[in-house]
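input38.cif, holding mmCIF, C-alpha atoms; chains and numbers go by the auth columns:
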data_input
loop_
_atom_site.group_PDB
_atom_site.id
_atom_site.type_symbol
_atom_site.label_atom_id
_atom_site.label_comp_id
_atom_site.label_asym_id
_atom_site.label_seq_id
_atom_site.Cartn_x
_atom_site.Cartn_y
_atom_site.Cartn_z
_atom_site.B_iso_or_equiv
_atom_site.auth_seq_id
_atom_site.auth_asym_id
ATOM 1 C CA MET A 1 -26.537 21.856 26.815 0.00 26 U
ATOM 2 C CA ALA A 2 -25.021 23.040 23.534 0.00 27 U
ATOM 3 C CA LEU A 3 -25.046 26.622 24.759 0.00 28 U
ATOM 4 C CA SER A 4 -23.187 25.772 27.959 0.00 29 U
ATOM 5 C CA SER A 5 -20.604 23.668 26.124 0.00 30 U
ATOM 6 C CA SER A 6 -19.948 26.452 23.580 0.00 31 U
ATOM 7 C CA THR A 7 -19.557 28.966 26.408 0.00 32 U
ATOM 8 C CA ALA A 8 -17.129 26.669 28.174 0.00 33 U
ATOM 9 C CA PHE A 9 -15.245 26.151 24.921 0.00 34 U
ATOM 10 C CA ARG A 10 -14.944 29.918 24.425 0.00 35 U
ATOM 11 C CA ARG A 11 -13.665 30.349 27.954 0.00 36 U
ATOM 12 C CA ILE A 12 -11.061 27.647 27.437 0.00 37 U
ATOM 13 C CA LEU A 13 -9.847 29.166 24.179 0.00 38 U
ATOM 14 C CA ARG A 14 -9.758 32.829 25.143 0.00 39 U
ATOM 15 C CA GLY A 15 -10.351 33.029 28.848 0.00 40 U
ATOM 16 C CA THR A 16 -13.478 35.192 28.473 0.00 41 U
ATOM 17 C CA SER A 17 -16.392 35.312 26.076 0.00 42 U
ATOM 18 C CA SER A 18 -15.784 38.976 25.179 0.00 43 U
ATOM 19 C CA SER A 19 -12.352 38.289 23.645 0.00 44 U
ATOM 20 C CA PHE A 20 -13.865 35.491 21.527 0.00 45 U
ATOM 21 C CA SER A 21 -16.405 37.842 19.946 0.00 46 U
ATOM 22 C CA GLN A 22 -13.589 40.204 18.890 0.00 47 U
ATOM 23 C CA LEU A 23 -11.986 37.491 16.754 0.00 48 U
ATOM 24 C CA LYS A 24 -12.713 38.070 13.071 0.00 49 U
ATOM 25 C CA PHE A 25 -12.310 35.660 10.196 0.00 50 U
ATOM 26 C CA THR A 26 -11.806 36.759 6.634 0.00 51 U
ATOM 27 C CA PHE A 27 -12.695 34.489 3.790 0.00 52 U
ATOM 28 C CA SER A 28 -11.712 35.162 0.221 0.00 53 U
ATOM 29 C CA PRO A 29 -14.229 34.008 -2.409 0.00 54 U
ATOM 30 C CA ARG A 30 -11.500 33.599 -5.060 0.00 55 U
ATOM 31 C CA ARG A 31 -8.738 31.051 -5.122 0.00 56 U
ATOM 32 C CA GLN A 32 -5.169 32.175 -5.329 0.00 57 U
ATOM 33 C CA SER A 33 -4.204 32.537 -8.954 0.00 58 U
ATOM 34 C CA SER A 34 -1.749 30.109 -10.409 0.00 59 U
ATOM 35 C CA SER A 35 -1.003 29.558 -14.050 0.00 60 U
ATOM 36 C CA PHE A 36 0.192 25.968 -13.744 0.00 61 U
ATOM 37 C CA PRO A 37 -1.066 23.239 -14.011 0.00 62 U
ATOM 38 C CA LEU A 38 -4.726 24.309 -14.193 0.00 63 U
ATOM 39 C CA ASP A 39 -6.226 27.122 -16.209 0.00 64 U
ATOM 40 C CA GLU A 40 -8.652 28.927 -13.879 0.00 65 U
ATOM 41 C CA ASP A 41 -11.171 29.896 -16.537 0.00 66 U
ATOM 42 C CA SER A 42 -11.724 26.544 -18.166 0.00 67 U
ATOM 43 C CA GLY A 43 -10.309 24.091 -15.606 0.00 68 U
ATOM 44 C CA ILE A 44 -8.313 22.397 -18.371 0.00 69 U
ATOM 45 C CA LYS A 45 -4.824 21.233 -17.565 0.00 70 U
ATOM 46 C CA GLU A 46 -2.165 23.122 -19.480 0.00 71 U
ATOM 47 C CA LEU A 47 0.948 21.001 -19.504 0.00 72 U
ATOM 48 C CA PRO A 48 4.047 21.599 -21.597 0.00 73 U
ATOM 49 C CA PRO A 49 4.119 19.677 -24.895 0.00 74 U
ATOM 50 C CA LEU A 50 5.818 16.307 -25.068 0.00 75 U
ATOM 51 C CA THR A 51 9.050 15.808 -26.980 0.00 76 U
ATOM 52 C CA THR A 52 9.306 12.056 -26.447 0.00 77 U
ATOM 53 C CA PRO A 53 6.792 9.191 -26.507 0.00 78 U
ATOM 54 C CA LYS A 54 8.193 7.870 -23.214 0.00 79 U
ATOM 55 C CA LEU A 55 6.403 8.721 -19.948 0.00 80 U
ATOM 56 C CA PHE A 56 7.527 8.593 -16.316 0.00 81 U
ATOM 57 C CA VAL A 57 4.839 7.329 -13.912 0.00 82 U
ATOM 58 C CA SER A 58 5.358 8.009 -10.209 0.00 83 U
ATOM 59 C CA GLY A 59 3.297 7.222 -7.119 0.00 84 U
ATOM 60 C CA LEU A 60 2.769 3.569 -8.004 0.00 85 U
ATOM 61 C CA SER A 61 1.628 1.114 -5.376 0.00 86 U
ATOM 62 C CA ARG A 62 3.970 -1.641 -4.231 0.00 87 U
ATOM 63 C CA LEU A 63 1.385 -4.073 -5.627 0.00 88 U
ATOM 64 C CA THR A 64 1.451 -2.636 -9.159 0.00 89 U
ATOM 65 C CA THR A 65 3.031 -4.984 -11.674 0.00 90 U
ATOM 66 C CA ASP A 66 4.089 -4.563 -15.303 0.00 91 U
ATOM 67 C CA GLU A 67 0.838 -6.200 -16.435 0.00 92 U
ATOM 68 C CA LYS A 68 -1.378 -3.901 -14.329 0.00 93 U
ATOM 69 C CA LEU A 69 0.488 -0.865 -15.621 0.00 94 U
ATOM 70 C CA LYS A 70 0.122 -2.099 -19.202 0.00 95 U
ATOM 71 C CA ASP A 71 -3.610 -2.724 -18.740 0.00 96 U
ATOM 72 C CA ALA A 72 -4.150 0.762 -17.295 0.00 97 U
ATOM 73 C CA PHE A 73 -2.326 2.588 -20.113 0.00 98 U
ATOM 74 C CA SER A 74 -3.229 0.409 -23.125 0.00 99 U
ATOM 75 C CA PRO A 75 -6.568 2.139 -23.972 0.00 100 U
ATOM 76 C CA PHE A 76 -4.718 5.299 -25.039 0.00 101 U
ATOM 77 C CA GLY A 77 -2.629 3.861 -27.864 0.00 102 U
ATOM 78 C CA GLN A 78 -0.110 1.259 -28.967 0.00 103 U
ATOM 79 C CA LEU A 79 2.178 0.477 -26.041 0.00 104 U
ATOM 80 C CA LEU A 80 5.744 -0.483 -26.801 0.00 105 U
ATOM 81 C CA GLU A 81 6.808 -0.943 -23.179 0.00 106 U
ATOM 82 C CA ALA A 82 5.315 -0.782 -19.684 0.00 107 U
ATOM 83 C CA LYS A 83 7.938 -1.315 -16.996 0.00 108 U
ATOM 84 C CA VAL A 84 7.688 -1.001 -13.217 0.00 109 U
ATOM 85 C CA ILE A 85 11.140 -0.406 -11.715 0.00 110 U
ATOM 86 C CA THR A 86 11.930 -2.918 -8.960 0.00 111 U
ATOM 87 C CA ASP A 87 14.567 -3.222 -6.288 0.00 112 U
ATOM 88 C CA ARG A 88 17.356 -5.645 -7.204 0.00 113 U
ATOM 89 C CA VAL A 89 17.559 -7.260 -3.791 0.00 114 U
ATOM 90 C CA SER A 90 13.955 -7.525 -2.640 0.00 115 U
ATOM 91 C CA GLY A 91 12.252 -7.542 -6.046 0.00 116 U
ATOM 92 C CA ARG A 92 9.605 -5.087 -4.804 0.00 117 U
ATOM 93 C CA SER A 93 8.433 -2.073 -6.765 0.00 118 U
ATOM 94 C CA LYS A 94 10.272 1.195 -6.132 0.00 119 U
ATOM 95 C CA GLY A 95 7.050 3.123 -6.748 0.00 120 U
ATOM 96 C CA PHE A 96 7.707 4.367 -10.269 0.00 121 U
ATOM 97 C CA GLY A 97 7.827 3.100 -13.817 0.00 122 U
ATOM 98 C CA PHE A 98 8.057 3.972 -17.490 0.00 123 U
ATOM 99 C CA ILE A 99 5.585 3.765 -20.363 0.00 124 U
ATOM 100 C CA SER A 100 6.595 3.950 -24.044 0.00 125 U
ATOM 101 C CA TYR A 101 4.095 4.613 -26.828 0.00 126 U
ATOM 102 C CA ALA A 102 4.489 4.393 -30.594 0.00 127 U
ATOM 103 C CA THR A 103 3.735 8.105 -31.138 0.00 128 U
ATOM 104 C CA ILE A 104 3.977 11.321 -29.156 0.00 129 U
ATOM 105 C CA GLU A 105 0.251 12.000 -29.681 0.00 130 U
ATOM 106 C CA GLU A 106 -0.695 8.741 -27.945 0.00 131 U
ATOM 107 C CA ALA A 107 1.652 9.517 -25.063 0.00 132 U
ATOM 108 C CA ASP A 108 0.178 13.008 -24.746 0.00 133 U
ATOM 109 C CA LYS A 109 -3.360 11.592 -24.658 0.00 134 U
ATOM 110 C CA ALA A 110 -2.361 9.111 -21.935 0.00 135 U
ATOM 111 C CA ARG A 111 -0.633 11.814 -19.900 0.00 136 U
ATOM 112 C CA TYR A 112 -3.740 14.015 -19.868 0.00 137 U
ATOM 113 C CA ALA A 113 -6.054 11.091 -19.113 0.00 138 U
ATOM 114 C CA MET A 114 -4.032 9.321 -16.396 0.00 139 U
ATOM 115 C CA ASN A 115 -2.312 12.169 -14.530 0.00 140 U
ATOM 116 C CA ALA A 116 -3.543 12.388 -10.900 0.00 141 U
ATOM 117 C CA LYS A 117 -5.756 9.294 -11.256 0.00 142 U
ATOM 118 C CA PHE A 118 -6.026 6.254 -8.991 0.00 143 U
ATOM 119 C CA LEU A 119 -4.231 3.011 -9.828 0.00 144 U
ATOM 120 C CA ASP A 120 -4.290 0.180 -7.268 0.00 145 U
ATOM 121 C CA GLY A 121 -5.581 2.608 -4.649 0.00 146 U
ATOM 122 C CA TRP A 122 -2.757 5.154 -5.087 0.00 147 U
ATOM 123 C CA VAL A 123 -2.736 8.472 -6.932 0.00 148 U
ATOM 124 C CA ILE A 124 -0.290 8.307 -9.832 0.00 149 U
ATOM 125 C CA PHE A 125 1.425 11.175 -11.634 0.00 150 U
ATOM 126 C CA VAL A 126 2.407 11.022 -15.281 0.00 151 U
ATOM 127 C CA ASP A 127 5.238 13.204 -16.578 0.00 152 U
ATOM 128 C CA PRO A 128 7.519 13.220 -19.620 0.00 153 U
ATOM 129 C CA ALA A 129 10.512 10.939 -19.156 0.00 154 U
ATOM 130 C CA LYS A 130 13.896 12.615 -19.031 0.00 155 U
ATOM 131 C CA PRO A 131 16.914 11.012 -20.668 0.00 156 U
ATOM 132 C CA LYS A 132 19.078 8.997 -18.329 0.00 157 U
ATOM 133 C CA GLU A 133 22.166 10.914 -17.239 0.00 158 U
ATOM 134 C CA ARG A 134 25.332 8.894 -17.348 0.00 159 U
ATOM 135 C CA ARG A 135 27.550 9.180 -14.314 0.00 160 U
ATOM 136 C CA PRO A 136 31.198 9.847 -15.040 0.00 161 U
ATOM 137 C CA LEU A 137 33.455 6.861 -14.528 0.00 162 U
ATOM 138 C CA THR A 138 35.588 7.466 -11.493 0.00 163 U
ATOM 139 C CA SER A 139 37.942 5.113 -9.796 0.00 164 U
ATOM 140 C CA SER A 140 36.352 3.983 -6.550 0.00 165 U
ATOM 141 C CA SER A 141 39.712 3.368 -4.896 0.00 166 U
ATOM 142 C CA PRO A 142 42.928 5.281 -5.611 0.00 167 U
ATOM 143 C CA GLU A 143 46.026 3.474 -6.856 0.00 168 U
ATOM 144 C CA PRO A 144 48.298 2.408 -3.996 0.00 169 U
ATOM 145 C CA GLU A 145 51.425 4.525 -3.752 0.00 170 U
ATOM 146 C CA ALA A 146 54.864 2.854 -3.873 0.00 171 U
ATOM 147 C CA SER A 147 57.347 3.751 -1.137 0.00 172 U
ATOM 148 C CA GLU A 148 61.131 3.837 -1.374 0.00 173 U
ATOM 149 C CA THR A 149 61.308 0.266 -0.018 0.00 174 U
ATOM 150 C CA GLY A 150 59.176 -1.088 -2.859 0.00 175 U
ATOM 151 C CA PHE A 151 56.071 -1.835 -0.796 0.00 176 U
ATOM 152 C CA ARG A 152 52.785 -0.368 -1.851 0.00 177 U
ATOM 153 C CA SER A 153 50.595 1.272 0.741 0.00 178 U
ATOM 154 C CA ASN A 154 46.846 1.237 0.470 0.00 179 U
ATOM 155 C CA LYS A 155 45.465 3.816 2.876 0.00 180 U
ATOM 156 C CA THR A 156 42.130 2.051 3.346 0.00 181 U
ATOM 157 C CA ILE A 157 43.451 -1.468 3.960 0.00 182 U
ATOM 158 C CA GLY A 158 47.021 -1.072 5.181 0.00 183 U
ATOM 159 C CA TRP A 159 50.215 -2.621 3.860 0.00 184 U
ATOM 160 C CA CYS A 160 50.193 -4.953 0.894 0.00 185 U
ATOM 161 C CA GLY A 161 53.108 -6.574 -0.879 0.00 186 U
#
Re-express the file's structure as structure tokens.
Amino acid sequence: MALSSSTAFRRILRGTSSSFSQLKFTFSPRRQSSSFPLDEDSGIKELPPLTTPKLFVSGLSRLTTDEKLKDAFSPFGQLLEAKVITDRVSGRSKGFGFISYATIEEADKARYAMNAKFLDGWVIFVDPAKPKERRPLTSSSPEPEASETGFRSNKTIGWCG
């Protein structure tokens, strides 16, 4: 029965069994080389050095709280802060958070140990935190222009007095 089903499968795929035998597969025994993030010879992760003791953690579950994050990262050193970023309206996790350690060495140890590990059933990624970029202050609505009659016109709303 297996022989007849494989013959039928070949006929469905290629129409005839002779064209199926001409199909060749090539397998490469080596993986494609890449220098980041794994070193092929030793299998050790080579990540750039940290410049700050603050870490960015992404891929968090919606169920992860500040306490769970603190418990997961506390074995690696003295935690100053463990914060899961939440939505203002719903109060649910946005899926990322920040960890602050007392020293850069502790943060580096935690990054190597917790990167690509499971937390609350989700794979998390630990990266160095970047400084927050301030947005330039811009006026959200332009000043209404005065006309020769003395009335100001606001283009988005209409006439105002």
Could you give me, as a PyMOL selection string, the residues within 9 Å of Val109 (chain U), counting all atoms listed in the file and dropping anything in the same chain fewer than 3 positions from it? chain U and resi 82+85+89-91+94+118-124
So, counting all atoms listed in the file, which residue among U:Pro156, U:Pro161, U:Pro78, U:Gly146 is closest to Gln103 (chain U)?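 Answer, going by the shortest atom-to-atom distance: U:Pro78.
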Which residues fall under the PyMOL selection byres ((chain U and resi 104) around 10) in this file, as a PDB file with C-alpha atoms, keeping the file's coordinate frame?
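File produced: result_23.pdb:
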ATOM      1  CA  PRO U  78       6.792   9.191 -26.507  1.00  0.00           C
ATOM      2  CA  LYS U  79       8.193   7.870 -23.214  1.00  0.00           C
ATOM      3  CA  LYS U  95       0.122  -2.099 -19.202  1.00  0.00           C
ATOM      4  CA  ASP U  96      -3.610  -2.724 -18.740  1.00  0.00           C
ATOM      5  CA  PHE U  98      -2.326   2.588 -20.113  1.00  0.00           C
ATOM      6  CA  SER U  99      -3.229   0.409 -23.125  1.00  0.00           C
ATOM      7  CA  PRO U 100      -6.568   2.139 -23.972  1.00  0.00           C
ATOM      8  CA  PHE U 101      -4.718   5.299 -25.039  1.00  0.00           C
ATOM      9  CA  GLY U 102      -2.629   3.861 -27.864  1.00  0.00           C
ATOM     10  CA  GLN U 103      -0.110   1.259 -28.967  1.00  0.00           C
ATOM     11  CA  LEU U 105       5.744  -0.483 -26.801  1.00  0.00           C
ATOM     12  CA  GLU U 106       6.808  -0.943 -23.179  1.00  0.00           C
ATOM     13  CA  ALA U 107       5.315  -0.782 -19.684  1.00  0.00           C
ATOM     14  CA  ILE U 124       5.585   3.765 -20.363  1.00  0.00           C
ATOM     15  CA  SER U 125       6.595   3.950 -24.044  1.00  0.00           C
ATOM     16  CA  TYR U 126       4.095   4.613 -26.828  1.00  0.00           C
ATOM     17  CA  ALA U 127       4.489   4.393 -30.594  1.00  0.00           C
ATOM     18  CA  THR U 128       3.735   8.105 -31.138  1.00  0.00           C
ATOM     19  CA  GLU U 131      -0.695   8.741 -27.945  1.00  0.00           C
ATOM     20  CA  ALA U 132       1.652   9.517 -25.063  1.00  0.00           C
TER      21      ALA U 132
END
Up to 7 Å from (-3.1, -1.0, -2.3) in the file's coordinates: name the residues, counting all atoms listed in the file, as a PyMOL selection string. chain U and resi 86+88+145-147
Nearest-residue call for Ala141 (chain U), choices U:Arg159, U:Gly116, U:Gly84, U:Ala97, using all atoms listed in the file: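 Counting all atoms listed in the file, the residue closest to Ala141 (chain U) is U:Gly84.
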Would you mind reading off the distance between CA of Lys157 (chain U) and CA of Ser83 (chain U), one decimal, in Å? 16.0 Å
Would you work out the distance separating CA of Val151 (chain U) from CA of Leu75 (chain U), expressed in Å to one decimal?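 These atoms are spaced 11.6 Å apart.
CA of Asp133 (chain U) lies 7.7 Å from CA of Pro74 (chain U).
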Box in all listed atoms of region 107-112 of chain U, axis-aligned, with 5 Å more on each side; write out centre and edge lengths in Å to one decimal as JSON.
{"center_x": 9.9, "center_y": -1.8, "center_z": -13.0, "size_x": 19.3, "size_y": 12.8, "size_z": 23.4}
Counting all atoms listed in the file, figure out which residue out of U:Phe150, U:Leu162, U:Phe81, U:Tyr137 gets nearest to Ile110 (chain U).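 Smallest distance to Ile110 (chain U) is found for U:Phe81.
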Can you give me N, CA and C atoms for region 107-128 of chain U, written as a tab-separated table (two decimals), keeping the file's coordinate frame?
chain	number	residue	atom	x	y	z
U	107	ALA	N	5.87	-1.20	-20.97
U	107	ALA	CA	5.32	-0.78	-19.68
U	107	ALA	C	6.15	-1.48	-18.62
U	108	LYS	N	6.96	-0.73	-17.92
U	108	LYS	CA	7.94	-1.32	-17.00
U	108	LYS	C	7.85	-0.65	-15.63
U	109	VAL	N	7.63	-1.46	-14.60
U	109	VAL	CA	7.69	-1.00	-13.22
U	109	VAL	C	9.11	-1.27	-12.72
U	110	ILE	N	9.76	-0.26	-12.19
U	110	ILE	CA	11.14	-0.41	-11.72
U	110	ILE	C	11.12	-1.07	-10.34
U	111	THR	N	11.90	-2.14	-10.20
U	111	THR	CA	11.93	-2.92	-8.96
U	111	THR	C	13.31	-2.87	-8.32
U	112	ASP	N	13.32	-3.15	-7.05
U	112	ASP	CA	14.57	-3.22	-6.29
U	112	ASP	C	15.29	-4.51	-6.64
U	113	ARG	N	16.59	-4.45	-6.81
U	113	ARG	CA	17.36	-5.64	-7.20
U	113	ARG	C	17.35	-6.72	-6.13
U	114	VAL	N	17.44	-6.30	-4.88
U	114	VAL	CA	17.56	-7.26	-3.79
U	114	VAL	C	16.21	-7.87	-3.41
U	115	SER	N	15.24	-7.02	-3.12
U	115	SER	CA	13.96	-7.52	-2.64
U	115	SER	C	12.99	-7.88	-3.77
U	116	GLY	N	13.16	-7.29	-4.95
U	116	GLY	CA	12.25	-7.54	-6.05
U	116	GLY	C	10.95	-6.76	-5.96
U	117	ARG	N	10.81	-5.89	-4.97
U	117	ARG	CA	9.60	-5.09	-4.80
U	117	ARG	C	9.67	-3.83	-5.66
U	118	SER	N	8.51	-3.29	-5.97
U	118	SER	CA	8.43	-2.07	-6.76
U	118	SER	C	9.04	-0.90	-6.00
U	119	LYS	N	9.72	-0.02	-6.73
U	119	LYS	CA	10.27	1.20	-6.13
U	119	LYS	C	9.26	2.33	-6.14
U	120	GLY	N	8.10	2.11	-6.75
U	120	GLY	CA	7.05	3.12	-6.75
U	120	GLY	C	7.01	3.98	-7.99
U	121	PHE	N	7.77	3.63	-9.01
U	121	PHE	CA	7.71	4.37	-10.27
U	121	PHE	C	7.96	3.42	-11.43
U	122	GLY	N	7.64	3.91	-12.62
U	122	GLY	CA	7.83	3.10	-13.82
U	122	GLY	C	7.85	3.95	-15.07
U	123	PHE	N	7.98	3.29	-16.21
U	123	PHE	CA	8.06	3.97	-17.49
U	123	PHE	C	7.08	3.34	-18.47
U	124	ILE	N	6.51	4.18	-19.32
U	124	ILE	CA	5.58	3.76	-20.36
U	124	ILE	C	6.13	4.31	-21.68
U	125	SER	N	6.17	3.49	-22.72
U	125	SER	CA	6.60	3.95	-24.04
U	125	SER	C	5.48	3.69	-25.04
U	126	TYR	N	5.12	4.71	-25.79
U	126	TYR	CA	4.10	4.61	-26.83
U	126	TYR	C	4.75	4.69	-28.20
U	127	ALA	N	3.99	4.34	-29.23
U	127	ALA	CA	4.49	4.39	-30.59
U	127	ALA	C	4.61	5.83	-31.09
U	128	THR	N	3.69	6.72	-30.68
U	128	THR	CA	3.74	8.10	-31.14
U	128	THR	C	3.63	9.06	-29.95
